[in-house]
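**Q** Sharing input_26.tsv, TSV, C-alpha atoms and all ligand atoms:
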chain	number	residue	atom	x	y	z
Z	1	MET	CA	-38.24	-43.39	195.24
Z	2	THR	CA	-41.41	-44.99	196.48
Z	3	ILE	CA	-41.39	-48.63	197.50
Z	4	PRO	CA	-44.64	-50.21	196.25
Z	5	SER	CA	-45.97	-51.28	199.64
Z	6	THR	CA	-44.59	-52.18	203.01
Z	7	ALA	CA	-44.12	-55.87	203.69
Z	8	GLN	CA	-46.60	-55.66	206.58
Z	9	GLU	CA	-49.44	-54.67	204.26
Z	10	ILE	CA	-49.00	-57.71	202.04
Z	11	PRO	CA	-50.91	-60.79	203.19
Z	12	SER	CA	-48.88	-63.96	203.22
Z	13	ASN	CA	-49.61	-67.67	203.60
Z	14	ILE	CA	-52.94	-67.29	205.35
Z	15	TYR	CA	-53.72	-70.83	204.19
Z	16	LYS	CA	-50.96	-73.44	204.38
Z	17	PRO	CA	-50.77	-76.86	202.70
Z	18	GLY	CA	-51.63	-78.58	206.00
Z	19	ALA	CA	-54.86	-76.60	206.34
Z	20	PRO	CA	-55.79	-75.31	202.87
Z	21	LEU	CA	-58.85	-73.31	201.94
Z	22	GLU	CA	-61.53	-75.38	200.24
Z	23	ALA	CA	-62.98	-73.00	197.65
Z	24	ARG	CA	-65.87	-73.58	195.27
Z	25	VAL	CA	-65.69	-72.80	191.56
Z	26	ILE	CA	-68.41	-70.31	190.63
Z	27	ASP	CA	-67.37	-69.56	187.06
Z	28	HIS	CA	-65.25	-71.51	184.59
Z	29	TYR	CA	-64.81	-70.90	180.87
Z	30	ARG	CA	-62.31	-71.09	178.08
Z	31	LEU	CA	-60.52	-67.85	177.17
Z	32	THR	CA	-58.86	-68.97	173.94
Z	33	ALA	CA	-60.85	-69.24	170.69
Z	34	PRO	CA	-62.61	-72.60	170.17
Z	35	ASP	CA	-60.28	-73.40	167.26
Z	36	SER	CA	-57.05	-72.48	169.09
Z	37	PRO	CA	-54.76	-75.42	169.89
Z	38	ASN	CA	-54.15	-73.79	173.30
Z	39	ASP	CA	-56.63	-74.28	176.10
Z	40	VAL	CA	-56.55	-71.43	178.62
Z	41	CYS	CA	-59.27	-71.28	181.28
Z	42	HIS	CA	-60.68	-68.47	183.39
Z	43	ILE	CA	-61.62	-69.85	186.81
Z	44	VAL	CA	-63.40	-67.88	189.53
Z	45	TYR	CA	-63.53	-69.21	193.11
Z	46	ASP	CA	-65.89	-68.17	195.85
Z	47	VAL	CA	-63.72	-67.25	198.84
Z	48	SER	CA	-66.45	-65.40	200.77
Z	49	ALA	CA	-66.51	-67.81	203.74
Z	50	SER	CA	-62.78	-67.50	204.37
Z	51	ASP	CA	-60.08	-65.27	205.82
Z	52	LEU	CA	-58.31	-65.04	202.50
Z	53	LYS	CA	-56.92	-61.66	201.52
Z	54	TYR	CA	-54.61	-60.88	198.66
Z	55	VAL	CA	-53.18	-57.94	196.78
Z	56	GLU	CA	-52.61	-57.39	193.06
Z	57	GLY	CA	-49.56	-59.31	191.84
Z	58	GLN	CA	-49.67	-62.17	194.33
Z	59	SER	CA	-50.08	-65.87	193.53
Z	60	ILE	CA	-52.21	-68.61	194.99
Z	61	GLY	CA	-51.23	-72.24	195.58
Z	62	VAL	CA	-53.35	-75.11	194.29
Z	63	LEU	CA	-53.09	-78.62	195.73
Z	64	PRO	CA	-54.17	-80.98	192.96
Z	65	PRO	CA	-55.88	-84.15	194.18
Z	66	GLY	CA	-54.17	-87.51	193.85
Z	67	GLU	CA	-50.66	-88.84	194.18
Z	68	ASP	CA	-47.46	-88.75	192.17
Z	69	ALA	CA	-45.58	-91.77	190.82
Z	70	ASN	CA	-44.01	-92.31	194.27
Z	71	GLY	CA	-47.36	-92.47	196.04
Z	72	LYS	CA	-46.86	-89.04	197.61
Z	73	PRO	CA	-49.59	-86.36	197.43
Z	74	HIS	CA	-49.05	-84.09	194.44
Z	75	LYS	CA	-47.06	-80.96	195.27
Z	76	LEU	CA	-48.75	-77.59	195.12
Z	77	ARG	CA	-48.50	-75.43	192.02
Z	78	LEU	CA	-48.61	-71.64	191.99
Z	79	TYR	CA	-50.93	-69.51	189.85
Z	80	SER	CA	-50.89	-65.72	189.53
Z	81	ILE	CA	-54.08	-64.20	190.81
Z	82	ALA	CA	-55.93	-62.56	187.91
Z	83	SER	CA	-58.42	-60.57	189.98
Z	84	PRO	CA	-57.85	-57.37	191.99
Z	85	GLY	CA	-57.70	-57.59	195.80
Z	86	VAL	CA	-61.38	-56.71	195.94
Z	87	GLY	CA	-62.12	-59.69	193.70
Z	88	ASP	CA	-63.88	-59.56	190.36
Z	89	ASP	CA	-67.08	-59.17	192.36
Z	90	GLY	CA	-65.75	-55.94	193.92
Z	91	HIS	CA	-66.47	-57.13	197.48
Z	92	GLY	CA	-63.48	-59.39	198.21
Z	93	LYS	CA	-65.56	-62.54	197.86
Z	94	THR	CA	-63.90	-64.06	194.79
Z	95	LEU	CA	-60.50	-65.01	193.47
Z	96	THR	CA	-59.74	-65.56	189.79
Z	97	VAL	CA	-56.98	-67.49	188.06
Z	98	CYS	CA	-56.17	-67.96	184.40
Z	99	VAL	CA	-54.65	-71.35	183.62
Z	100	LYS	CA	-53.11	-72.86	180.51
Z	101	ARG	CA	-53.48	-76.61	180.08
Z	102	ALA	CA	-49.84	-77.77	179.98
Z	103	ILE	CA	-49.28	-80.40	177.30
Z	104	THR	CA	-45.85	-81.57	176.21
Z	105	VAL	CA	-45.44	-83.70	173.12
Z	106	ASP	CA	-42.43	-85.99	172.79
Z	107	GLU	CA	-41.25	-85.15	169.27
Z	108	ALA	CA	-39.70	-88.58	168.74
Z	109	THR	CA	-42.62	-90.76	169.82
Z	110	GLY	CA	-45.57	-88.37	169.50
Z	111	GLN	CA	-46.51	-89.26	173.10
Z	112	GLU	CA	-48.47	-86.49	174.89
Z	113	TYR	CA	-47.85	-85.64	178.54
Z	114	HIS	CA	-50.58	-83.70	180.31
Z	115	GLY	CA	-49.65	-81.49	183.26
Z	116	VAL	CA	-51.17	-82.66	186.54
Z	117	CYS	CA	-52.48	-79.45	188.06
Z	118	SER	CA	-53.30	-77.45	184.93
Z	119	SER	CA	-55.33	-80.38	183.53
Z	120	TYR	CA	-57.11	-80.70	186.88
Z	121	LEU	CA	-57.94	-76.97	186.88
Z	122	CYS	CA	-58.99	-76.79	183.23
Z	123	ASP	CA	-61.28	-79.81	183.71
Z	124	LEU	CA	-63.06	-78.37	186.78
Z	125	LYS	CA	-66.77	-77.63	186.57
Z	126	VAL	CA	-68.82	-74.96	188.33
Z	127	GLY	CA	-69.66	-76.34	191.80
Z	128	ASP	CA	-66.41	-78.32	192.17
Z	129	THR	CA	-64.05	-77.35	194.97
Z	130	SER	CA	-60.25	-76.95	195.10
Z	131	LYS	CA	-57.74	-76.81	197.93
Z	132	LEU	CA	-55.98	-73.44	197.85
Z	133	THR	CA	-53.00	-72.12	199.80
Z	134	GLY	CA	-51.32	-68.74	200.18
Z	135	PRO	CA	-51.37	-66.08	199.01
Z	136	VAL	CA	-47.65	-65.77	198.26
Z	137	GLY	CA	-45.38	-63.16	196.71
Z	138	LYS	CA	-44.08	-59.87	198.09
Z	139	ALA	CA	-42.05	-58.51	195.20
Z	140	PHE	CA	-44.30	-58.53	192.12
Z	141	ILE	CA	-46.75	-56.09	193.65
Z	142	MET	CA	-48.53	-53.15	192.07
Z	143	PRO	CA	-47.13	-49.84	193.33
Z	144	ASP	CA	-49.38	-47.98	195.71
Z	145	GLN	CA	-48.84	-44.69	193.91
Z	146	PRO	CA	-51.44	-42.92	191.71
Z	147	ASN	CA	-48.79	-41.32	189.48
Z	148	ALA	CA	-46.93	-44.59	188.84
Z	149	ASN	CA	-46.33	-45.30	185.18
Z	150	LEU	CA	-46.76	-49.04	184.64
Z	151	ILE	CA	-45.03	-50.82	181.78
Z	152	MET	CA	-46.38	-54.38	181.75
Z	153	VAL	CA	-45.05	-57.07	179.45
Z	154	ALA	CA	-46.97	-60.35	179.30
Z	155	THR	CA	-46.86	-63.53	177.31
Z	156	GLY	CA	-49.85	-65.87	177.51
Z	157	THR	CA	-51.15	-66.39	181.04
Z	158	GLY	CA	-48.59	-63.79	182.15
Z	159	ILE	CA	-51.48	-61.39	181.58
Z	160	ALA	CA	-53.05	-62.56	184.89
Z	161	PRO	CA	-51.40	-60.12	187.33
Z	162	PHE	CA	-51.81	-57.25	184.85
Z	163	ARG	CA	-55.51	-57.93	184.56
Z	164	ALA	CA	-55.55	-57.45	188.34
Z	165	PHE	CA	-53.45	-54.25	188.15
Z	166	LEU	CA	-55.61	-52.72	185.42
Z	167	SER	CA	-58.85	-53.68	187.10
Z	168	LYS	CA	-57.69	-52.01	190.30
Z	169	ARG	CA	-56.42	-48.93	188.49
Z	170	TYR	CA	-59.45	-48.37	186.29
Z	171	LYS	CA	-62.39	-49.82	188.20
Z	172	GLN	CA	-61.49	-49.11	191.80
Z	173	LEU	CA	-59.04	-46.23	192.18
Z	174	GLN	CA	-60.22	-42.69	191.51
Z	175	HIS	CA	-57.20	-40.47	191.06
Z	176	GLU	CA	-54.75	-42.43	188.95
Z	177	THR	CA	-52.62	-40.11	186.84
Z	178	GLY	CA	-49.85	-42.51	185.79
Z	179	GLN	CA	-49.67	-44.05	182.34
Z	180	SER	CA	-50.34	-47.75	181.70
Z	181	TRP	CA	-48.55	-49.55	178.88
Z	182	LEU	CA	-49.44	-53.19	178.32
Z	183	PHE	CA	-47.53	-55.37	175.86
Z	184	PHE	CA	-49.14	-58.74	175.24
Z	185	GLY	CA	-47.63	-61.58	173.23
Z	186	ALA	CA	-49.13	-64.85	172.03
Z	187	GLN	CA	-48.80	-67.15	169.04
Z	188	THR	CA	-51.95	-65.93	167.29
Z	189	ARG	CA	-54.97	-63.68	167.84
Z	190	LYS	CA	-56.94	-66.77	168.85
Z	191	ASP	CA	-54.97	-66.62	172.11
Z	192	PHE	CA	-55.54	-62.92	172.83
Z	193	LEU	CA	-56.61	-63.42	176.47
Z	194	TYR	CA	-59.08	-60.90	177.90
Z	195	GLU	CA	-59.16	-59.05	174.57
Z	196	ALA	CA	-62.50	-57.31	175.16
Z	197	GLU	CA	-61.58	-56.13	178.67
Z	198	LEU	CA	-58.19	-54.85	177.58
Z	199	LYS	CA	-59.62	-53.05	174.56
Z	200	ALA	CA	-62.19	-51.40	176.82
Z	201	TYR	CA	-59.35	-50.05	179.02
Z	202	GLN	CA	-57.65	-48.83	175.87
Z	203	GLU	CA	-60.73	-47.12	174.46
Z	204	ASN	CA	-62.21	-45.74	177.67
Z	205	ALA	CA	-59.24	-45.12	179.95
Z	206	GLY	CA	-56.25	-44.46	177.70
Z	207	CYS	CA	-54.36	-47.64	178.58
Z	208	GLN	CA	-51.89	-48.45	175.80
Z	209	VAL	CA	-52.44	-52.05	174.66
Z	210	ILE	CA	-49.86	-53.32	172.20
Z	211	THR	CA	-49.90	-56.88	170.90
Z	212	ALA	CA	-47.39	-59.18	169.22
Z	213	PHE	CA	-48.68	-62.34	167.54
Z	214	SER	CA	-45.58	-64.31	166.70
Z	215	ARG	CA	-47.10	-66.72	164.16
Z	216	GLU	CA	-49.08	-64.05	162.32
Z	217	GLU	CA	-46.86	-60.98	162.28
Z	218	LYS	CA	-43.31	-60.24	161.19
Z	219	ASN	CA	-40.82	-57.88	162.81
Z	220	ALA	CA	-38.68	-55.35	160.95
Z	221	GLN	CA	-36.17	-58.09	160.06
Z	222	GLY	CA	-38.91	-60.28	158.57
Z	223	ASN	CA	-38.79	-62.74	161.48
Z	224	ARG	CA	-41.47	-63.68	164.03
Z	225	MET	CA	-42.87	-60.77	165.98
Z	226	TYR	CA	-42.32	-61.11	169.72
Z	227	VAL	CA	-43.12	-58.66	172.53
Z	228	GLN	CA	-39.53	-57.39	172.62
Z	229	HIS	CA	-39.86	-56.21	169.02
Z	230	ARG	CA	-42.89	-54.16	170.00
Z	231	LEU	CA	-40.91	-52.76	172.94
Z	232	ILE	CA	-38.17	-51.72	170.54
Z	233	GLU	CA	-40.73	-50.00	168.29
Z	234	HIS	CA	-41.78	-47.89	171.29
Z	235	GLY	CA	-38.23	-47.74	172.68
Z	236	GLU	CA	-37.71	-43.98	172.82
Z	237	THR	CA	-41.00	-43.36	174.63
Z	238	LEU	CA	-40.44	-46.22	177.05
Z	239	PHE	CA	-36.94	-45.02	177.92
Z	240	GLU	CA	-38.20	-41.50	178.55
Z	241	LEU	CA	-40.73	-43.06	180.95
Z	242	LEU	CA	-38.16	-45.34	182.60
Z	243	LYS	CA	-35.94	-42.34	183.34
Z	244	GLN	CA	-38.70	-41.14	185.66
Z	245	PRO	CA	-38.51	-42.59	189.19
Z	246	GLU	CA	-42.24	-43.28	189.23
Z	247	THR	CA	-42.06	-45.72	186.30
Z	248	TYR	CA	-42.18	-49.46	187.09
Z	249	LEU	CA	-41.64	-52.29	184.65
Z	250	TYR	CA	-43.17	-55.75	185.09
Z	251	ILE	CA	-42.53	-58.87	183.02
Z	252	CYS	CA	-44.70	-61.96	183.44
Z	253	GLY	CA	-45.14	-65.19	181.52
Z	254	LEU	CA	-42.94	-67.63	179.68
Z	255	ARG	CA	-39.57	-68.47	181.16
Z	256	GLY	CA	-36.95	-67.10	178.78
Z	257	MET	CA	-38.90	-64.02	177.72
Z	258	GLU	CA	-36.75	-61.73	179.87
Z	259	ALA	CA	-33.63	-62.48	177.79
Z	260	GLY	CA	-35.24	-61.18	174.59
Z	261	ILE	CA	-36.57	-58.13	176.40
Z	262	LEU	CA	-33.15	-57.37	177.86
Z	263	GLU	CA	-31.65	-57.58	174.37
Z	264	GLY	CA	-34.36	-55.26	173.11
Z	265	PHE	CA	-33.68	-52.71	175.85
Z	266	GLN	CA	-29.96	-52.95	175.28
Z	267	GLU	CA	-30.58	-52.07	171.63
Z	268	ILE	CA	-32.72	-49.07	172.56
Z	269	ALA	CA	-30.13	-47.90	175.12
Z	270	GLN	CA	-27.39	-48.12	172.51
Z	271	ARG	CA	-29.48	-46.04	170.11
Z	272	GLN	CA	-29.84	-43.41	172.84
Z	273	GLY	CA	-26.20	-43.47	173.98
Z	274	ILE	CA	-27.18	-44.81	177.42
Z	275	ASP	CA	-25.02	-47.33	179.31
Z	276	TRP	CA	-27.63	-50.09	179.65
Z	277	ASN	CA	-25.81	-51.97	182.43
Z	278	VAL	CA	-25.77	-48.89	184.67
Z	279	PHE	CA	-29.39	-48.03	183.82
Z	280	PHE	CA	-30.53	-51.62	184.43
Z	281	ASP	CA	-28.73	-51.76	187.79
Z	282	THR	CA	-30.49	-48.54	188.81
Z	283	LEU	CA	-33.90	-49.92	187.85
Z	284	LYS	CA	-33.29	-53.07	189.89
Z	285	ALA	CA	-31.84	-51.19	192.87
Z	286	GLU	CA	-34.89	-48.90	192.92
Z	287	LYS	CA	-37.22	-51.93	192.72
Z	288	ARG	CA	-38.60	-50.75	189.41
Z	289	TRP	CA	-37.82	-53.91	187.40
Z	290	HIS	CA	-39.97	-56.92	188.31
Z	291	VAL	CA	-39.94	-60.34	186.68
Z	292	GLU	CA	-42.14	-63.38	187.25
Z	293	VAL	CA	-41.56	-66.12	184.70
Z	294	TYR	CA	-42.35	-69.81	184.81
G	301	LIG	C1	-45.19	-67.69	190.49
G	301	LIG	C2	-45.84	-68.57	189.44
G	301	LIG	C3	-47.01	-68.15	188.85
G	301	LIG	C4	-47.62	-68.94	187.88
G	301	LIG	N1	-48.77	-68.51	187.31
G	301	LIG	C5	-49.39	-69.25	186.37
G	301	LIG	C6	-50.59	-68.79	185.76
G	301	LIG	O1	-51.11	-67.70	186.06
G	301	LIG	N2	-51.18	-69.59	184.83
G	301	LIG	C7	-50.64	-70.79	184.45
G	301	LIG	O2	-51.22	-71.48	183.60
G	301	LIG	N3	-49.48	-71.25	185.02
G	301	LIG	C8	-48.86	-70.53	185.97
G	301	LIG	N4	-47.71	-70.98	186.56
G	301	LIG	C9	-47.21	-72.32	186.19
G	301	LIG	C10	-47.89	-73.39	187.09
G	301	LIG	O3	-47.44	-73.24	188.42
G	301	LIG	C11	-47.56	-74.83	186.67
G	301	LIG	O4	-46.15	-74.95	186.59
G	301	LIG	C12	-48.17	-75.23	185.34
G	301	LIG	O5	-49.59	-75.15	185.38
G	301	LIG	C13	-47.79	-76.69	185.00
G	301	LIG	O6	-48.16	-77.51	186.08
G	301	LIG	P1	-48.84	-78.94	185.84
G	301	LIG	O7	-49.04	-79.55	187.17
G	301	LIG	O8	-50.00	-78.84	184.92
G	301	LIG	O9	-47.69	-79.70	185.04
G	301	LIG	P2	-46.72	-80.82	185.65
G	301	LIG	O10	-47.47	-82.07	185.88
G	301	LIG	O11	-45.98	-80.23	186.79
G	301	LIG	O12	-45.74	-81.01	184.42
G	301	LIG	C14	-44.89	-79.96	184.01
G	301	LIG	C15	-44.69	-80.03	182.50
G	301	LIG	O13	-44.04	-81.24	182.17
G	301	LIG	C16	-44.76	-81.95	181.18
G	301	LIG	N5	-44.59	-83.39	181.47
G	301	LIG	C17	-45.18	-84.11	182.44
G	301	LIG	N6	-44.70	-85.37	182.41
G	301	LIG	C18	-43.78	-85.43	181.42
G	301	LIG	C19	-42.94	-86.47	180.92
G	301	LIG	N7	-42.94	-87.66	181.44
G	301	LIG	N8	-42.12	-86.14	179.89
G	301	LIG	C20	-42.11	-84.92	179.35
G	301	LIG	N9	-42.88	-83.91	179.80
G	301	LIG	C21	-43.71	-84.16	180.82
G	301	LIG	C22	-46.20	-81.47	181.29
G	301	LIG	O14	-46.86	-81.52	180.04
G	301	LIG	C23	-46.02	-80.02	181.72
G	301	LIG	O15	-45.85	-79.17	180.62
G	301	LIG	C24	-47.06	-70.19	187.52
G	301	LIG	C25	-45.86	-70.61	188.13
G	301	LIG	C26	-45.27	-69.82	189.07
G	301	LIG	C27	-44.00	-70.30	189.70
Translate the structure described by the file into structure tokens.
Ligand SMILES: Cc1cc2nc3c(=O)[nH]c(=O)nc-3n(C[C@H](O)[C@H](O)[C@H](O)COP(=O)(O)OP(=O)(O)OC[C@H]3O[C@@H](n4cnc5c(N)ncnc54)[C@H](O)[C@@H]3O)c2cc1C

**A**
Amino acid sequence: MTIPSTAQEIPSNIYKPGAPLEARVIDHYRLTAPDSPNDVCHIVYDVSASDLKYVEGQSIGVLPPGEDANGKPHKLRLYSIASPGVGDDGHGKTLTVCVKRAITVDEATGQEYHGVCSSYLCDLKVGDTSKLTGPVGKAFIMPDQPNANLIMVATGTGIAPFRAFLSKRYKQLQHETGQSWLFFGAQTRKDFLYEAELKAYQENAGCQVITAFSREEKNAQGNRMYVQHRLIEHGETLFELLKQPETYLYICGLRGMEAGILEGFQEIAQRQGIDWNVFFDTLKAEKRWHVEVY
């Protein structure tokens, strides 16, 4: 079994909240369709004049300006890095995040609450600067193994680390032989983040891209189609892959999505006469099951 990377190779907390990196926004645009109710932004920072280093799968901290209700500076929020370690520029001079504007509506009163940091990030303009910390994260890291089979399951902005993985695999590395399976879930096609990029990987590099749009598609039972239903559809193939020690599974996105996926896998295991609990324990023990939900 190959451990993805040694802890020493993974950069950690180069910039701390007391001395953050001030990084300038060099690109900023909306990823969701203009008529989607969800606002998700692609934000690229220039980090060229810094010591920042990061690897695929890590997160960055953002210190939003201003104070909370108690007069204390706002706490930092974490965002998965959506670019590969070499940056989207290919020279390690940029860092990209993909941020959903968090809005909660009180059903009883209709009052809207806007998230502090996501609103700040989605409202940034090119030329603005942000205070960044990190990078953080040592577990949700892309395996350093050309024959690794990657099964990636994302909902919404959970696509961010997988965009980094796929960019590294297909734009940077030369001898990748492992398979890539990406499952992406969102409410509708209007929220298909990075659709063109992902389809290009599918058409030109053989990456499997499988989508589930819960408000537009129905599963076999006639209910909303979620990513776990797509996993079940491909269950036999995925289990054959997961039996191989070079297969790694990653789940990223909405808190709660893991439960549905676990149910889905349990169903597939049952169909195949496999004791899911034993199989699941093996995947976790071998560091082949990774989850980052928020
Ligand atoms: C490891 C990790 C990676 C992450 N990666 C990403 C990523 O790639 N992209 C991304 O978009 N997010 C990501 N997140 C989530 C992100 O860190 C923030 O949690 C998110 O942006 C919301 O922060 P906020 O400051 O906008 O909302 P906050 O101000 O912290 O509010 C939190 C929520 O509460 C609601 N709220 C606020 N006040 C009230 C109130 N009085 N009553 C009811 N509701 C209220 C807000 O609408 C919001 O939905 C990640 C989190 C983690 C831990």

**Q** Taking only C-alpha atoms and all ligand atoms into account, produce a table as CSV in which each residue of chain Z with an atom at most 8 Å from an atom of ligand LIG 301 (chain G) appears once, together with its shortest atom pair and the distance in Å to one decimal, ordered by chain and rising number.

**A**
residue,atom,partner,partner_atom,distance
Z:Val40,CA,G:LIG301,O2,7.3
Z:Ser59,CA,G:LIG301,C1,6.0
Z:Pro64,CA,G:LIG301,O7,7.9
Z:Arg77,CA,G:LIG301,O3,4.3
Z:Leu78,CA,G:LIG301,O3,4.1
Z:Tyr79,CA,G:LIG301,N1,3.5
Z:Ser80,CA,G:LIG301,O1,4.0
Z:Ile81,CA,G:LIG301,O1,6.6
Z:Ala82,CA,G:LIG301,O1,7.3
Z:Val97,CA,G:LIG301,O1,6.2
Z:Cys98,CA,G:LIG301,N2,5.3
Z:Val99,CA,G:LIG301,O2,3.4
Z:Lys100,CA,G:LIG301,O2,3.9
Z:Arg101,CA,G:LIG301,O8,6.4
Z:Ala102,CA,G:LIG301,O15,4.3
Z:Ile103,CA,G:LIG301,O14,3.8
Z:Thr104,CA,G:LIG301,O14,4.0
Z:Val105,CA,G:LIG301,N9,7.2
Z:Asp106,CA,G:LIG301,C20,6.7
Z:Glu112,CA,G:LIG301,O14,7.3
Z:Tyr113,CA,G:LIG301,O14,4.5
Z:His114,CA,G:LIG301,O14,4.3
Z:Gly115,CA,G:LIG301,O8,3.1
Z:Val116,CA,G:LIG301,O10,3.8
Z:Cys117,CA,G:LIG301,O7,3.6
Z:Ser118,CA,G:LIG301,O8,3.6
Z:Ser119,CA,G:LIG301,O8,5.7
Z:Tyr120,CA,G:LIG301,O8,7.6
Z:Gly137,CA,G:LIG301,C1,7.7
Z:Thr157,CA,G:LIG301,N2,5.0
Z:Gly158,CA,G:LIG301,O1,6.1
Z:Ile159,CA,G:LIG301,O1,7.7
Z:Ala160,CA,G:LIG301,O1,5.6
Z:Pro161,CA,G:LIG301,O1,7.7
Z:Gly253,CA,G:LIG301,N1,7.6
Z:Glu292,CA,G:LIG301,C1,6.2
Z:Val293,CA,G:LIG301,C26,6.8
Z:Tyr294,CA,G:LIG301,C25,4.9

**Q** How would the residues just picked look written out with C-alpha atoms as a compact mmCIF listing (two decimals), in the frame of the given file?

**A**
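Saved file out_27.txt follows:
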# COMPACT_ATOMS: atom_id res chain seq x y z
CA VAL Z 40 -56.55 -71.43 178.62
CA SER Z 59 -50.08 -65.87 193.53
CA PRO Z 64 -54.17 -80.98 192.96
CA ARG Z 77 -48.50 -75.43 192.02
CA LEU Z 78 -48.61 -71.64 191.99
CA TYR Z 79 -50.93 -69.51 189.85
CA SER Z 80 -50.89 -65.72 189.53
CA ILE Z 81 -54.08 -64.20 190.81
CA ALA Z 82 -55.93 -62.56 187.91
CA VAL Z 97 -56.98 -67.49 188.06
CA CYS Z 98 -56.17 -67.96 184.40
CA VAL Z 99 -54.65 -71.35 183.62
CA LYS Z 100 -53.11 -72.86 180.51
CA ARG Z 101 -53.48 -76.61 180.08
CA ALA Z 102 -49.84 -77.77 179.98
CA ILE Z 103 -49.28 -80.40 177.30
CA THR Z 104 -45.85 -81.57 176.21
CA VAL Z 105 -45.44 -83.70 173.12
CA ASP Z 106 -42.43 -85.99 172.79
CA GLU Z 112 -48.47 -86.49 174.89
CA TYR Z 113 -47.85 -85.64 178.54
CA HIS Z 114 -50.58 -83.70 180.31
CA GLY Z 115 -49.65 -81.49 183.26
CA VAL Z 116 -51.17 -82.66 186.54
CA CYS Z 117 -52.48 -79.45 188.06
CA SER Z 118 -53.30 -77.45 184.93
CA SER Z 119 -55.33 -80.38 183.53
CA TYR Z 120 -57.11 -80.70 186.88
CA GLY Z 137 -45.38 -63.16 196.71
CA THR Z 157 -51.15 -66.39 181.04
CA GLY Z 158 -48.59 -63.79 182.15
CA ILE Z 159 -51.48 -61.39 181.58
CA ALA Z 160 -53.05 -62.56 184.89
CA PRO Z 161 -51.40 -60.12 187.33
CA GLY Z 253 -45.14 -65.19 181.52
CA GLU Z 292 -42.14 -63.38 187.25
CA VAL Z 293 -41.56 -66.12 184.70
CA TYR Z 294 -42.35 -69.81 184.81

**Q** When distances are computed from all atoms listed in the file, which of Z:Gly90, Z:Gly85, Z:Pro143, Z:Pro17 shows the smallest separation from Gln58 in chain Z?

**A**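 Under the stated criterion, the closest residue is Z:Gly85.
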
**Q** Quick one, how far is CA of Thr211 in chain Z from CA of His42 in chain Z?

**A**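 Calculated distance between CA of Thr211 in chain Z and CA of His42 in chain Z is 20.2 Å.
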
**Q** Using 12 Å as the limit and counting all atoms listed in the file, can you tabulate each residue of range 20-138 of chain Z that touches range 169-181 of chain Z, with its shortest atom-to-atom distance in Å and the two atoms involved, as a Markdown table?

**A**
| residue | atom | partner | partner_atom | distance |
| --- | --- | --- | --- | --- |
| Z:Glu56 | CA | Z:Arg169 | CA | 10.3 |
| Z:Ser83 | CA | Z:Lys171 | CA | 11.6 |
| Z:Pro84 | CA | Z:Gln172 | CA | 9.0 |
| Z:Gly85 | CA | Z:Gln172 | CA | 10.1 |
| Z:Val86 | CA | Z:Gln172 | CA | 8.7 |
| Z:Gly87 | CA | Z:Gln172 | CA | 10.8 |
| Z:Asp88 | CA | Z:Lys171 | CA | 10.1 |
| Z:Asp89 | CA | Z:Lys171 | CA | 11.3 |
| Z:Gly90 | CA | Z:Gln172 | CA | 8.3 |
| Z:His91 | CA | Z:Gln172 | CA | 11.0 |

**Q** Is it possible to get the axis-aligned box enclosing range 266-276 of chain Z (all listed atoms, 5 Å extra per side) as JSON, with centre and edge lengths in Å rounded to one decimal?

**A**
{"center_x": -28.9, "center_y": -48.2, "center_z": 174.9, "size_x": 17.7, "size_y": 19.5, "size_z": 19.5}

**Q** Of the candidates Z:Glu195, Z:Glu267, Z:Asp51, Z:Glu246, which shows the shortest atom-to-atom distance to Thr133 in chain Z, using only C-alpha atoms?

**A**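 For Thr133 in chain Z, the nearest of the candidates is Z:Asp51.
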
**Q** Just how far from CA of Asp35 in chain Z is CA of Val209 in chain Z, in Å to one decimal?

**A**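 Between these atoms lies a distance of 23.9 Å.
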
**Q** Which residue out of Z:Leu283, Z:Glu258, Z:Leu166, Z:Gly156 has the minimum interatomic distance to Gln202 in chain Z when only C-alpha atoms are used?

**A**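 For Gln202 in chain Z, the nearest of the given residues is Z:Leu166.
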
**Q** Rounded to one decimal, what separation in Å do you get between CA of Ala212 in chain Z and CA of Glu233 in chain Z?

**A**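 Answer for the CA of Ala212 in chain Z to CA of Glu233 in chain Z separation: 11.4 Å.
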
**Q** Do a neighbour search on Arg24 in chain Z at 9 Å with only C-alpha atoms, toss out local chain neighbours closer than 6 positions, and write the hits as a PyMOL selection string.

**A** chain Z and resi 44-47+126-130

**Q** With distances taken over all atoms listed in the file, which of Z:Glu263, Z:Glu286, Z:Asp144, Z:Asp191 is nearest to Lys168 in chain Z?

**A**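 Looking only at the distances to Lys168 in chain Z, the closest residue turns out to be Z:Asp144.
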